[in-house]
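Engineer: File work11.txt below, compact mmCIF, C-alpha atoms and all ligand atoms:
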# COMPACT_ATOMS: atom_id res chain seq x y z
CA MET A 1 -8.59 -15.19 22.14
CA THR A 2 -7.97 -18.89 21.65
CA LEU A 3 -4.43 -19.98 21.06
CA CYS A 4 -4.06 -22.63 18.36
CA LYS A 5 -3.65 -25.96 20.23
CA SER A 6 -2.25 -27.88 17.31
CA PHE A 7 0.55 -25.32 16.97
CA ALA A 8 1.51 -25.68 20.64
CA SER A 9 1.76 -29.46 20.45
CA PHE A 10 3.73 -29.54 17.18
CA ALA A 11 6.13 -26.71 18.01
CA GLY A 12 8.74 -28.95 19.64
CA ALA A 13 8.88 -31.36 16.73
CA GLN A 14 9.12 -28.57 14.18
CA MET A 15 12.10 -26.83 15.76
CA ARG A 16 14.57 -29.22 14.10
CA PHE A 17 13.59 -27.91 10.69
CA GLU A 18 13.68 -24.17 11.35
CA ILE A 19 15.96 -21.93 9.30
CA MET A 20 16.58 -19.77 12.35
CA LYS A 21 17.58 -20.64 15.90
CA TYR A 22 15.35 -17.91 17.26
CA LYS A 23 11.89 -17.94 15.77
CA PRO A 24 9.93 -14.79 16.56
CA VAL A 25 6.16 -14.61 16.41
CA ILE A 26 5.07 -11.75 14.18
CA GLY A 27 2.10 -9.58 15.09
CA VAL A 28 0.33 -8.02 12.12
CA ILE A 29 -1.97 -5.07 12.73
CA GLY A 30 -4.77 -5.38 10.19
CA GLY A 31 -5.95 -8.54 8.50
CA GLY A 32 -6.72 -7.34 4.98
CA GLN A 33 -5.33 -8.67 1.71
CA LEU A 34 -1.90 -7.15 2.31
CA GLY A 35 -1.70 -8.98 5.63
CA ARG A 36 -2.89 -12.15 3.96
CA MET A 37 -0.22 -12.05 1.25
CA PHE A 38 2.42 -11.24 3.86
CA ILE A 39 1.39 -14.28 5.92
CA GLU A 40 1.50 -16.47 2.79
CA GLU A 41 5.22 -15.63 2.61
CA ALA A 42 5.70 -16.05 6.35
CA LEU A 43 4.25 -19.56 6.11
CA ARG A 44 6.90 -20.42 3.53
CA TYR A 45 9.49 -19.63 6.21
CA ASN A 46 7.42 -21.48 8.84
CA ILE A 47 6.94 -18.30 10.83
CA GLU A 48 3.76 -17.80 12.87
CA CYS A 49 1.75 -14.62 12.53
CA ILE A 50 -0.98 -13.31 14.79
CA ILE A 51 -3.32 -10.67 13.44
CA VAL A 52 -5.59 -8.12 15.02
CA ASP A 53 -8.67 -7.11 13.05
CA ALA A 54 -12.27 -6.34 14.04
CA ASP A 55 -13.67 -8.49 11.24
CA LYS A 56 -13.60 -12.17 12.20
CA ASP A 57 -13.78 -13.08 8.48
CA CYS A 58 -11.06 -10.67 7.29
CA PRO A 59 -8.89 -11.95 4.40
CA ALA A 60 -5.92 -12.94 6.61
CA SER A 61 -8.05 -14.75 9.21
CA VAL A 62 -7.93 -18.11 7.44
CA ILE A 63 -4.13 -18.35 7.44
CA ALA A 64 -3.11 -16.47 10.59
CA HIS A 65 -1.99 -18.67 13.47
CA ASP A 66 -4.24 -16.68 15.69
CA HIS A 67 -6.64 -13.79 15.35
CA ILE A 68 -7.37 -11.20 17.99
CA VAL A 69 -10.82 -10.03 16.98
CA GLY A 70 -10.78 -6.39 17.97
CA SER A 71 -10.54 -2.90 16.59
CA ILE A 72 -7.19 -1.42 15.60
CA ALA A 73 -8.65 1.95 16.57
CA GLU A 74 -8.73 0.82 20.23
CA GLU A 75 -6.01 0.36 22.79
CA GLY A 76 -6.97 -3.07 24.19
CA PRO A 77 -6.57 -5.26 21.08
CA LEU A 78 -3.23 -3.61 20.20
CA TRP A 79 -1.87 -4.28 23.68
CA ARG A 80 -3.07 -7.87 23.48
CA LEU A 81 -1.16 -8.29 20.25
CA GLY A 82 1.90 -6.75 21.90
CA GLU A 83 1.68 -9.36 24.66
CA VAL A 84 1.74 -12.37 22.33
CA ALA A 85 3.96 -11.21 19.46
CA ASP A 86 7.74 -10.59 19.50
CA VAL A 87 7.83 -8.15 16.61
CA LEU A 88 4.97 -6.05 15.27
CA THR A 89 4.22 -4.67 11.84
CA TYR A 90 1.14 -3.26 10.13
CA GLU A 91 -0.60 -3.52 6.80
CA ILE A 92 -2.81 -0.43 7.12
CA GLU A 93 -2.25 3.14 8.31
CA HIS A 94 -5.49 3.82 10.16
CA ILE A 95 -4.32 2.60 13.55
CA PHE A 96 -4.66 4.17 16.99
CA ILE A 97 -1.11 5.42 17.34
CA LYS A 98 -0.82 6.04 21.11
CA PRO A 99 -0.56 2.38 22.20
CA LEU A 100 2.05 1.79 19.49
CA PHE A 101 4.33 4.40 21.04
CA GLU A 102 3.68 2.86 24.45
CA LEU A 103 4.49 -0.63 23.20
CA GLU A 104 7.72 0.69 21.70
CA LYS A 105 8.58 2.37 25.00
CA ALA A 106 7.91 -0.91 26.78
CA GLY A 107 10.63 -2.53 24.62
CA LYS A 108 8.55 -4.07 21.81
CA THR A 109 9.99 -3.93 18.30
CA LEU A 110 7.68 -2.21 15.82
CA ILE A 111 8.67 -2.11 12.17
CA PRO A 112 8.26 0.49 10.74
CA SER A 113 8.42 2.74 13.80
CA PRO A 114 5.22 4.49 14.94
CA ARG A 115 7.19 7.74 14.57
CA ILE A 116 6.92 7.26 10.79
CA LEU A 117 3.29 6.13 10.92
CA GLU A 118 2.42 9.31 12.82
CA ILE A 119 3.84 11.45 9.99
CA VAL A 120 2.11 9.39 7.30
CA GLN A 121 -1.28 9.45 9.05
CA ASP A 122 -1.40 13.22 8.55
CA LYS A 123 -0.98 14.44 4.98
CA GLY A 124 -0.08 17.88 6.38
CA LEU A 125 2.84 16.55 8.46
CA GLN A 126 3.91 14.36 5.55
CA LYS A 127 4.10 17.30 3.14
CA GLN A 128 5.98 19.36 5.73
CA PHE A 129 8.45 16.51 6.14
CA TYR A 130 9.16 16.53 2.38
CA ARG A 131 9.61 20.31 2.35
CA ASP A 132 11.87 20.30 5.43
CA ASN A 133 14.07 17.59 3.90
CA GLY A 134 14.50 19.03 0.43
CA ILE A 135 12.36 16.33 -1.21
CA PRO A 136 10.51 17.64 -4.28
CA THR A 137 6.74 17.75 -3.73
CA ALA A 138 3.91 19.91 -5.13
CA ALA A 139 3.58 23.38 -3.50
CA PHE A 140 1.05 23.18 -0.68
CA GLN A 141 -0.64 24.90 2.22
CA VAL A 142 -2.29 23.37 5.28
CA VAL A 143 -5.69 24.99 5.85
CA GLU A 144 -8.87 24.83 7.90
CA GLY A 145 -12.08 26.54 6.88
CA LEU A 146 -13.18 28.67 3.92
CA ASP A 147 -11.16 31.80 4.71
CA GLU A 148 -7.89 29.90 4.82
CA TRP A 149 -8.78 28.07 1.60
CA LYS A 150 -9.40 31.37 -0.18
CA THR A 151 -6.19 32.94 1.12
CA ALA A 152 -4.13 29.94 -0.05
CA ILE A 153 -5.74 29.92 -3.52
CA LYS A 154 -5.04 33.64 -3.95
CA THR A 155 -1.51 33.46 -2.54
CA PHE A 156 -0.48 30.70 -4.95
CA GLY A 157 -2.59 32.04 -7.82
CA TRP A 158 -3.97 28.55 -8.52
CA LYS A 159 -6.57 27.97 -11.22
CA LYS A 160 -6.78 24.28 -10.51
CA PHE A 161 -5.64 22.67 -7.27
CA VAL A 162 -6.02 19.48 -5.26
CA ALA A 163 -7.72 19.39 -1.85
CA LYS A 164 -6.98 16.56 0.55
CA LEU A 165 -8.26 15.77 4.02
CA ARG A 166 -5.26 15.70 6.34
CA LYS A 167 -6.47 12.57 8.11
CA ASP A 168 -8.43 9.38 7.43
CA GLY A 169 -8.69 9.56 3.63
CA TYR A 170 -7.81 6.44 1.64
CA ASP A 171 -7.98 5.15 -1.94
CA GLY A 172 -8.68 8.62 -3.28
CA LYS A 173 -11.55 9.26 -0.83
CA GLY A 174 -10.96 12.63 0.76
CA VAL A 175 -9.08 13.86 -2.35
CA GLN A 176 -10.67 16.28 -4.81
CA ILE A 177 -9.35 18.07 -7.86
CA MET A 178 -10.89 21.54 -7.70
CA ASP A 179 -11.49 24.63 -9.77
CA ALA A 180 -10.23 27.68 -7.84
CA ASN A 181 -12.89 29.99 -9.28
CA GLU A 182 -15.67 27.74 -8.01
CA VAL A 183 -14.44 28.18 -4.45
CA LEU A 184 -13.73 31.90 -4.74
CA LYS A 185 -17.11 32.69 -6.33
CA LYS A 186 -19.43 30.22 -4.65
CA ASN A 187 -17.79 30.20 -1.22
CA VAL A 188 -18.37 26.45 -0.97
CA ILE A 189 -15.73 23.90 0.07
CA PRO A 190 -16.13 20.10 0.19
CA PHE A 191 -14.70 19.70 3.68
CA THR A 192 -14.23 21.97 6.66
CA ALA A 193 -11.92 19.56 8.53
CA PRO A 194 -8.16 20.30 8.45
CA ALA A 195 -6.94 19.87 4.88
CA VAL A 196 -3.93 20.22 2.61
CA LEU A 197 -4.33 22.19 -0.58
CA GLU A 198 -1.71 21.53 -3.21
CA ALA A 199 -0.79 22.64 -6.71
CA PHE A 200 -2.25 20.43 -9.41
CA VAL A 201 0.55 18.51 -11.14
CA ALA A 202 -0.21 17.81 -14.81
CA CYS A 203 1.21 14.28 -14.79
CA LYS A 204 2.86 12.48 -17.63
CA LYS A 205 3.16 9.43 -15.44
CA GLU A 206 2.33 8.23 -11.94
CA VAL A 207 4.99 5.90 -10.68
CA SER A 208 5.46 3.93 -7.49
CA ILE A 209 8.78 2.73 -6.13
CA ILE A 210 8.91 0.30 -3.25
CA VAL A 211 11.96 0.81 -1.07
CA ALA A 212 13.19 -1.69 1.50
CA ARG A 213 15.59 -0.69 4.28
CA ASN A 214 16.81 -2.89 7.10
CA LYS A 215 18.15 -2.13 10.58
CA LYS A 216 21.74 -2.05 9.31
CA GLY A 217 20.80 0.64 6.81
CA ASP A 218 21.05 -1.61 3.72
CA ILE A 219 18.64 -0.23 1.18
CA THR A 220 17.17 -1.53 -2.06
CA CYS A 221 14.50 -0.41 -4.54
CA PHE A 222 12.06 -2.55 -6.47
CA PRO A 223 11.87 -1.62 -10.16
CA PRO A 224 9.42 1.28 -10.60
CA VAL A 225 5.86 0.57 -11.64
CA GLU A 226 3.57 2.79 -13.64
CA MET A 227 0.03 3.15 -12.37
CA GLU A 228 -3.03 3.76 -14.47
CA PHE A 229 -6.21 4.91 -12.75
CA ASP A 230 -9.96 4.54 -13.05
CA PRO A 231 -10.87 8.24 -13.35
CA VAL A 232 -14.27 7.73 -11.65
CA ALA A 233 -13.25 5.62 -8.65
CA ASN A 234 -9.73 7.11 -8.50
CA LEU A 235 -8.42 3.55 -7.94
CA VAL A 236 -5.47 1.89 -9.64
CA THR A 237 -6.88 -0.40 -12.34
CA LEU A 238 -3.74 -1.37 -14.19
CA LEU A 239 -0.12 -1.39 -13.16
CA VAL A 240 2.88 -1.99 -15.38
CA CYS A 241 6.35 -3.13 -14.32
CA PRO A 242 8.94 -1.97 -15.14
CA ALA A 243 7.79 1.59 -15.86
CA LYS A 244 9.03 3.01 -19.15
CA LEU A 245 11.66 5.55 -18.07
CA ASN A 246 15.00 6.58 -19.51
CA LYS A 247 18.12 5.92 -17.45
CA LYS A 248 18.36 9.48 -16.12
CA LEU A 249 14.73 9.63 -14.98
CA LEU A 250 14.96 6.19 -13.42
CA GLN A 251 18.09 7.10 -11.51
CA LYS A 252 16.57 10.34 -10.26
CA ALA A 253 13.34 8.62 -9.17
CA ASN A 254 15.28 5.95 -7.25
CA GLU A 255 17.43 8.64 -5.64
CA ILE A 256 14.38 10.58 -4.45
CA ALA A 257 12.56 7.46 -3.21
CA MET A 258 15.61 6.32 -1.22
CA LYS A 259 16.13 9.83 0.16
CA VAL A 260 12.57 9.79 1.58
CA VAL A 261 13.24 6.55 3.45
CA GLU A 262 16.74 7.48 4.57
CA ARG A 263 15.68 10.89 5.86
CA MET A 264 12.92 9.17 7.83
CA GLN A 265 15.47 6.63 9.06
CA GLY A 266 12.86 4.12 7.99
CA VAL A 267 13.20 0.41 8.60
CA GLY A 268 10.72 -1.74 6.68
CA ILE A 269 8.98 -1.54 3.33
CA PHE A 270 7.88 1.83 1.94
CA ALA A 271 5.90 2.60 -1.21
CA ILE A 272 6.83 6.01 -2.56
CA GLU A 273 4.33 7.42 -5.05
CA LEU A 274 5.75 9.93 -7.51
CA PHE A 275 4.37 12.20 -10.21
CA LEU A 276 6.37 12.96 -13.36
CA ASP A 277 5.25 16.29 -14.79
CA GLN A 278 5.33 17.48 -18.41
CA SER A 279 8.84 18.92 -18.03
CA ASP A 280 10.22 15.68 -16.58
CA GLN A 281 10.35 16.85 -12.97
CA TRP A 282 9.61 14.35 -10.21
CA PHE A 283 7.34 15.20 -7.28
CA VAL A 284 6.68 12.91 -4.33
CA ASN A 285 2.93 12.55 -3.85
CA GLU A 286 2.89 10.39 -0.74
CA MET A 287 4.34 7.33 0.90
CA ALA A 288 2.92 4.24 2.56
CA PRO A 289 5.04 2.54 5.27
CA ARG A 290 3.86 -0.98 4.39
CA PRO A 291 3.43 -3.37 1.48
CA HIS A 292 1.41 -1.68 -1.24
CA ASN A 293 -1.10 -2.42 -3.96
CA SER A 294 1.55 -1.36 -6.48
CA GLY A 295 3.75 -4.25 -5.32
CA HIS A 296 1.37 -7.19 -5.71
CA HIS A 297 3.04 -8.23 -8.96
CA THR A 298 6.37 -8.74 -7.15
CA ILE A 299 5.07 -12.13 -5.92
CA GLU A 300 5.47 -13.63 -9.39
CA ALA A 301 7.46 -11.01 -11.31
CA CYS A 302 10.46 -10.46 -9.01
CA TYR A 303 13.02 -12.74 -7.37
CA THR A 304 11.90 -11.46 -3.97
CA SER A 305 8.39 -10.15 -3.37
CA GLN A 306 7.63 -7.04 -1.33
CA TYR A 307 6.08 -9.33 1.31
CA GLU A 308 9.12 -11.57 1.56
CA GLN A 309 11.35 -8.49 1.73
CA LEU A 310 9.39 -7.17 4.72
CA LEU A 311 9.57 -10.59 6.36
CA ARG A 312 13.35 -10.69 5.87
CA ILE A 313 13.62 -7.26 7.50
CA LEU A 314 11.47 -8.31 10.46
CA LEU A 315 13.56 -11.44 10.93
CA GLY A 316 16.93 -9.73 10.49
CA LEU A 317 17.69 -11.80 7.36
CA PRO A 318 19.60 -10.40 4.36
CA LEU A 319 17.61 -8.32 1.86
CA GLY A 320 16.55 -10.27 -1.23
CA ASP A 321 17.20 -9.53 -4.90
CA THR A 322 14.45 -7.26 -6.22
CA SER A 323 15.19 -7.72 -9.94
CA VAL A 324 12.38 -8.45 -12.36
CA ILE A 325 12.26 -12.03 -13.64
CA LYS A 326 9.68 -11.13 -16.27
CA PRO A 327 7.77 -7.90 -17.07
CA ALA A 328 4.31 -7.81 -15.52
CA VAL A 329 0.94 -6.14 -15.63
CA MET A 330 -1.31 -6.24 -12.58
CA ILE A 331 -5.05 -5.63 -12.70
CA ASN A 332 -7.24 -5.11 -9.67
CA LEU A 333 -10.43 -7.11 -9.47
CA LEU A 334 -12.94 -4.57 -8.22
CA GLY A 335 -16.55 -5.06 -7.16
CA ALA A 336 -19.00 -4.14 -9.94
CA PRO A 337 -20.62 -0.72 -9.44
CA ASP A 338 -24.17 -2.07 -9.64
CA PHE A 339 -24.45 -4.62 -6.82
CA SER A 340 -23.43 -5.67 -3.32
CA GLY A 341 -23.45 -9.26 -2.11
CA PRO A 342 -22.07 -12.70 -2.97
CA TYR A 343 -20.08 -12.86 -6.20
CA PHE A 344 -17.92 -15.02 -8.42
CA LEU A 345 -15.21 -14.41 -10.99
CA ASP A 346 -16.77 -15.09 -14.35
CA GLY A 347 -14.29 -16.24 -17.01
CA TYR A 348 -11.85 -17.76 -14.50
CA ASP A 349 -11.55 -21.03 -16.46
CA GLU A 350 -10.92 -19.20 -19.76
CA ILE A 351 -8.16 -16.88 -18.53
CA LEU A 352 -6.31 -19.63 -16.68
CA LYS A 353 -5.66 -21.36 -19.99
CA LEU A 354 -3.12 -18.63 -20.75
CA PRO A 355 0.43 -19.10 -19.44
CA GLY A 356 1.70 -16.52 -16.95
CA VAL A 357 -1.70 -15.55 -15.55
CA TYR A 358 -1.95 -15.59 -11.75
CA VAL A 359 -5.30 -14.98 -10.06
CA HIS A 360 -5.37 -13.88 -6.43
CA LEU A 361 -8.72 -13.76 -4.65
CA TYR A 362 -8.74 -12.25 -1.19
CA GLY A 363 -11.59 -14.32 0.25
CA LYS A 364 -13.91 -11.37 0.92
CA LYS A 365 -17.41 -12.74 1.42
CA GLU A 366 -19.32 -9.91 -0.23
CA SER A 367 -18.73 -7.65 -3.18
CA LYS A 368 -19.37 -3.92 -2.86
CA PRO A 369 -19.06 -1.28 -5.57
CA MET A 370 -15.36 -0.82 -6.37
CA ARG A 371 -14.25 -2.99 -3.43
CA LYS A 372 -10.86 -4.65 -3.95
CA LEU A 373 -11.74 -8.35 -4.17
CA GLY A 374 -8.59 -9.65 -5.77
CA HIS A 375 -6.01 -9.04 -8.46
CA ILE A 376 -4.50 -10.77 -11.45
CA THR A 377 -0.82 -10.63 -12.33
CA ILE A 378 0.05 -11.27 -15.95
CA LEU A 379 3.62 -11.97 -17.00
CA GLY A 380 4.99 -11.54 -20.52
CA GLU A 381 8.32 -11.73 -22.33
CA THR A 382 8.06 -7.96 -22.82
CA VAL A 383 5.90 -5.22 -21.29
CA LYS A 384 4.10 -4.97 -24.62
CA ALA A 385 3.29 -8.68 -24.61
CA ALA A 386 2.13 -8.57 -20.98
CA ARG A 387 -0.08 -5.56 -21.76
CA LYS A 388 -1.64 -7.33 -24.71
CA LYS A 389 -2.36 -10.42 -22.65
CA ALA A 390 -3.75 -8.27 -19.81
CA LYS A 391 -6.18 -6.53 -22.16
CA TRP A 392 -7.43 -9.95 -23.25
CA VAL A 393 -7.76 -11.08 -19.63
CA GLN A 394 -9.63 -7.88 -18.73
CA SER A 395 -12.16 -8.42 -21.48
CA HIS A 396 -12.67 -12.12 -20.66
CA CYS A 397 -13.32 -12.04 -16.93
CA SER A 398 -15.37 -9.97 -14.52
CA ILE A 399 -16.87 -10.01 -11.05
CA ARG A 400 -20.52 -11.06 -11.26
CA LYS A 401 -23.39 -11.42 -8.87
CA LEU A 402 -23.80 -14.93 -7.50
CA LYS A 403 -27.49 -15.81 -7.68
CA GLN A 404 -28.39 -18.00 -4.72
P1 LIG B 1 -4.92 8.59 -1.39
O1 LIG B 1 -3.95 8.76 -0.28
O2 LIG B 1 -6.34 8.58 -0.92
O3 LIG B 1 -4.58 7.43 -2.30
P2 LIG B 1 -3.60 10.52 -3.08
O4 LIG B 1 -3.02 11.67 -2.37
O5 LIG B 1 -2.64 9.46 -3.53
O6 LIG B 1 -4.81 9.91 -2.28
O7 LIG B 1 -4.36 11.04 -4.38
C1 LIG B 1 -5.11 10.15 -5.19
C2 LIG B 1 -4.86 10.48 -6.65
O8 LIG B 1 -5.26 11.83 -6.93
C3 LIG B 1 -3.41 10.41 -7.09
O9 LIG B 1 -3.00 9.11 -7.38
C4 LIG B 1 -3.44 11.31 -8.32
O10 LIG B 1 -3.98 10.62 -9.44
C5 LIG B 1 -4.39 12.41 -7.90
N1 LIG B 1 -3.61 13.52 -7.30
C6 LIG B 1 -3.29 13.67 -5.99
N2 LIG B 1 -2.56 14.78 -5.78
C7 LIG B 1 -2.40 15.36 -6.98
C8 LIG B 1 -1.75 16.55 -7.44
N3 LIG B 1 -1.12 17.38 -6.60
N4 LIG B 1 -1.79 16.83 -8.77
C9 LIG B 1 -2.43 16.00 -9.63
N5 LIG B 1 -3.08 14.90 -9.27
C10 LIG B 1 -3.08 14.56 -7.96
Re-express the file's structure as structure tokens.
Structural biologist:
Amino acid sequence: MTLCKSFASFAGAQMRFEIMKYKPVIGVIGGGQLGRMFIEEALRYNIECIIVDADKDCPASVIAHDHIVGSIAEEGPLWRLGEVADVLTYEIEHIFIKPLFELEKAGKTLIPSPRILEIVQDKGLQKQFYRDNGIPTAAFQVVEGLDEWKTAIKTFGWKKFVAKLRKDGYDGKGVQIMDANEVLKKNVIPFTAPAVLEAFVACKKEVSIIVARNKKGDITCFPPVEMEFDPVANLVTLLVCPAKLNKKLLQKANEIAMKVVERMQGVGIFAIELFLDQSDQWFVNEMAPRPHNSGHHTIEACYTSQYEQLLRILLGLPLGDTSVIKPAVMINLLGAPDFSGPYFLDGYDEILKLPGVYVHLYGKKESKPMRKLGHITILGETVKAARKKAKWVQSHCSIRKLKQ
């Protein structure tokens, strides 16, 4: 690891202009796009961030003050981060948890606590947490192996159900919507590893609410966003803020989202994903204890972004106003399904002629099918206007192969 020399020599001179007397160094576990956008905000506050990520070219590497090139699934790099950073956070859930507990024991501040990460890393523990705390969630059973799958299907009388790997799934990988008869008749299951089987919720809407809670227990919600999915890749393709909900449904959703975080005694930023079923009942699907894809739009659409809010919590500063300045639609820029390799955003110059269009590229060197390469936030005077503009943007730009 090489410490940035220029930082060391300028540090003294810069101190006069700091907003805080005590200026902690923030350690970020993971250097993906979420880490990168977080560091963009940290730079605005003149706060230094050190990342740990195995990929030397990861999206956050170009703006981090330092980069420990090492795996977050190994003890060594996490300890090294603990040695150089005052406060630690993470932008991804797939982290080796043991050293995080040890760092916490050794007096390091980790936000959110590894205690929460441990629950979130295991969809089985997460569902049990919701059940134990009276938080509405789809009926479920933790299972392992064909016999337990069949018993659960019969016990609940499911026709359709959802199977999820307990650990290491992400972005819809390790999640399958299944026909109960197929399993009962053919005796074939997609995974034998520990899994959660849950009732299929016929959703009217899928909504995400980002909740921020600080050490004092102050809590605030970002306005809910509605997510629309690519049915093939099971990835969010379009996100609308604020979600169209009547006052009662909005209030209930906020109540449930805040209850999840309060019951976990969570400090940090938490994305709570909810299903609204056909009879207007809310169910918590899952939560992420970090900034989330469904909060990208907050950079331009809200007074305080999800990234700034996390930064404020890490620094012990007051929570920011989460109100919407203007309605927004966010679209993910995904790698085209038919190629891997260098790419460019075709149509960039056309779409930037429109007001209220913000392109974010994450600096990933290569495209891969359905890889998240960037996103575009589109603001409008109304949700309808933003949607209309977003449709135009979607049809006028795309990720294309760069011929070299
Ligand atoms: P991941 O953690 O990989 O993102 P999720 O648990 O969020 O996976 O599931 C991915 C998607 O699958 C959800 O956004 C939703 O569209 C669908 N899904 C998951 N669970 C259910 C369910 N119980 N009923 C209906 N659809 C579901």
Engineer: So which one's closest to A:Glu40, A:Lys150, A:Arg290, A:His65, A:Lys247? Using all atoms listed in the file, please.
Structural biologist: A:His65
Engineer: Counting all atoms listed in the file, what are the residues of chain A within 6 Å of ligand LIG 1 (chain B), and for each of them which pair of atoms is the nearest and at what distance in Å, to one decimal? Sort the table by chain and rising number, as a tab-separated table.
Structural biologist:
residue	atom	partner	partner_atom	distance
A:Ala138	CA	B:LIG1	N3	5.8
A:Val162	CA	B:LIG1	N3	5.5
A:Gly169	CA	B:LIG1	O2	5.2
A:Tyr170	CA	B:LIG1	O2	3.6
A:Asp171	CA	B:LIG1	O2	3.9
A:Gly172	CA	B:LIG1	O2	3.3
A:Lys173	CA	B:LIG1	O2	5.3
A:Val175	CA	B:LIG1	O6	5.8
A:Glu198	CA	B:LIG1	N3	5.4
A:Ala199	CA	B:LIG1	N3	5.3
A:Phe200	CA	B:LIG1	N4	3.7
A:Val201	CA	B:LIG1	N4	3.7
A:Ala202	CA	B:LIG1	C9	5.9
Engineer: Quick one: axis-aligned box around all listed atoms of stretch 236-241 of chain A, 4 Å on every side, centre and edge lengths in Å to one decimal, written as AutoDock Vina command-line options.
Structural biologist:
--center_x -0.3 --center_y -0.6 --center_z -12.5 --size_x 21.2 --size_y 13.0 --size_z 13.7
Engineer: How many Å lie between atom CA of A:Gln251 and atom CA of A:Ile209, rounded to one decimal?
Structural biologist: 11.6 Å
Engineer: Write out as a list of chain:residue names which residues come within 8 Å of A:Arg400 when counting all atoms listed in the file, dropping same-chain ones fewer than 4 positions away.
Structural biologist: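 Close residues of A:Arg400: A:Ala336, A:Tyr343, A:Phe344, A:Leu345, A:Asp346.
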Engineer: Taking into account only C-alpha atoms, which residue in the set A:Phe156, A:Gly82, A:Phe140, A:Tyr358 is nearest to A:Glu104?
Structural biologist: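 Among the listed residues, A:Gly82 lies closest to A:Glu104.
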Engineer: Can you measure atom CA of A:Pro77 to atom CA of A:Val52 for me? One decimal in Å is fine.
Structural biologist: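 Computed distance, atom CA of A:Pro77 to atom CA of A:Val52, equals 6.8 Å.
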Engineer: Leaving out A:Val62 and any residue of its chain fewer than 6 positions from it, which residues lie within 10 Å of it when counting all atoms listed in the file, given as a ChimeraX atom specification?
Structural biologist: /A:31,36,56,363
Engineer: Let's have the selection written as a PDB file, in the frame of the given file, with C-alpha atoms.
Structural biologist:
ATOM      1  CA  GLY A  31      -5.950  -8.540   8.500  1.00  0.00           C
ATOM      2  CA  ARG A  36      -2.890 -12.150   3.960  1.00  0.00           C
ATOM      3  CA  LYS A  56     -13.600 -12.170  12.200  1.00  0.00           C
ATOM      4  CA  GLY A 363     -11.590 -14.320   0.250  1.00  0.00           C
TER       5      GLY A 363
END
Engineer: Quick one: residues within 12 Å of A:Ser367, only C-alpha atoms, excluding same-chain residues fewer than 2 positions away - as a PDB file with C-alpha atoms, keeping the file's coordinate frame?
Structural biologist:
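This went into result01.pdb:
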ATOM      1  CA  LEU A 333     -10.430  -7.110  -9.470  1.00  0.00           C
ATOM      2  CA  LEU A 334     -12.940  -4.570  -8.220  1.00  0.00           C
ATOM      3  CA  GLY A 335     -16.550  -5.060  -7.160  1.00  0.00           C
ATOM      4  CA  ALA A 336     -19.000  -4.140  -9.940  1.00  0.00           C
ATOM      5  CA  PRO A 337     -20.620  -0.720  -9.440  1.00  0.00           C
ATOM      6  CA  ASP A 338     -24.170  -2.070  -9.640  1.00  0.00           C
ATOM      7  CA  PHE A 339     -24.450  -4.620  -6.820  1.00  0.00           C
ATOM      8  CA  SER A 340     -23.430  -5.670  -3.320  1.00  0.00           C
ATOM      9  CA  GLY A 341     -23.450  -9.260  -2.110  1.00  0.00           C
ATOM     10  CA  PRO A 342     -22.070 -12.700  -2.970  1.00  0.00           C
ATOM     11  CA  TYR A 343     -20.080 -12.860  -6.200  1.00  0.00           C
ATOM     12  CA  PHE A 344     -17.920 -15.020  -8.420  1.00  0.00           C
ATOM     13  CA  LEU A 345     -15.210 -14.410 -10.990  1.00  0.00           C
ATOM     14  CA  LEU A 361      -8.720 -13.760  -4.650  1.00  0.00           C
ATOM     15  CA  TYR A 362      -8.740 -12.250  -1.190  1.00  0.00           C
ATOM     16  CA  GLY A 363     -11.590 -14.320   0.250  1.00  0.00           C
ATOM     17  CA  LYS A 364     -13.910 -11.370   0.920  1.00  0.00           C
ATOM     18  CA  LYS A 365     -17.410 -12.740   1.420  1.00  0.00           C
ATOM     19  CA  PRO A 369     -19.060  -1.280  -5.570  1.00  0.00           C
ATOM     20  CA  MET A 370     -15.360  -0.820  -6.370  1.00  0.00           C
ATOM     21  CA  ARG A 371     -14.250  -2.990  -3.430  1.00  0.00           C
ATOM     22  CA  LYS A 372     -10.860  -4.650  -3.950  1.00  0.00           C
ATOM     23  CA  LEU A 373     -11.740  -8.350  -4.170  1.00  0.00           C
ATOM     24  CA  GLY A 374      -8.590  -9.650  -5.770  1.00  0.00           C
ATOM     25  CA  ILE A 399     -16.870 -10.010 -11.050  1.00  0.00           C
ATOM     26  CA  ARG A 400     -20.520 -11.060 -11.260  1.00  0.00           C
ATOM     27  CA  LYS A 401     -23.390 -11.420  -8.870  1.00  0.00           C
ATOM     28  CA  LEU A 402     -23.800 -14.930  -7.500  1.00  0.00           C
TER      29      LEU A 402
END
Engineer: Separation of atom CA of A:Gly157 and atom CA of A:Asn181, in Å?
Structural biologist: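 So the answer is 10.6 Å.
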Engineer: Smallest atom-to-atom distance to A:Val84: which of A:Cys49, A:Leu238, A:Ile351, A:Ala54, using all atoms listed in the file?
Structural biologist: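 Using all atoms listed in the file, A:Val84 sits closest to A:Cys49.
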Engineer: From the options A:Pro291, A:Pro114, A:Pro136, A:Gly27, which residue's atoms come nearest to A:Glu48, counting only C-alpha atoms?
Structural biologist: A:Gly27
Engineer: If we count all atoms listed in the file, what is near A:Met178 at a cut-off of 10 Å, once residues fewer than 3 positions away on the same chain are taken out, given as a list in words?
Structural biologist: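 The residues that qualify are Trp158, Lys159, Lys160, Phe161, Val162, Ala163, Val175, Asn181, Glu182, Val183, Ile189, Pro190, Leu197 and Phe200 of chain A.
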Engineer: Determine the nearest neighbour of A:Leu117 from the options A:Leu165, A:Leu81, A:Ile72, A:Ile97, counting all atoms listed in the file.
Structural biologist: A:Ile97
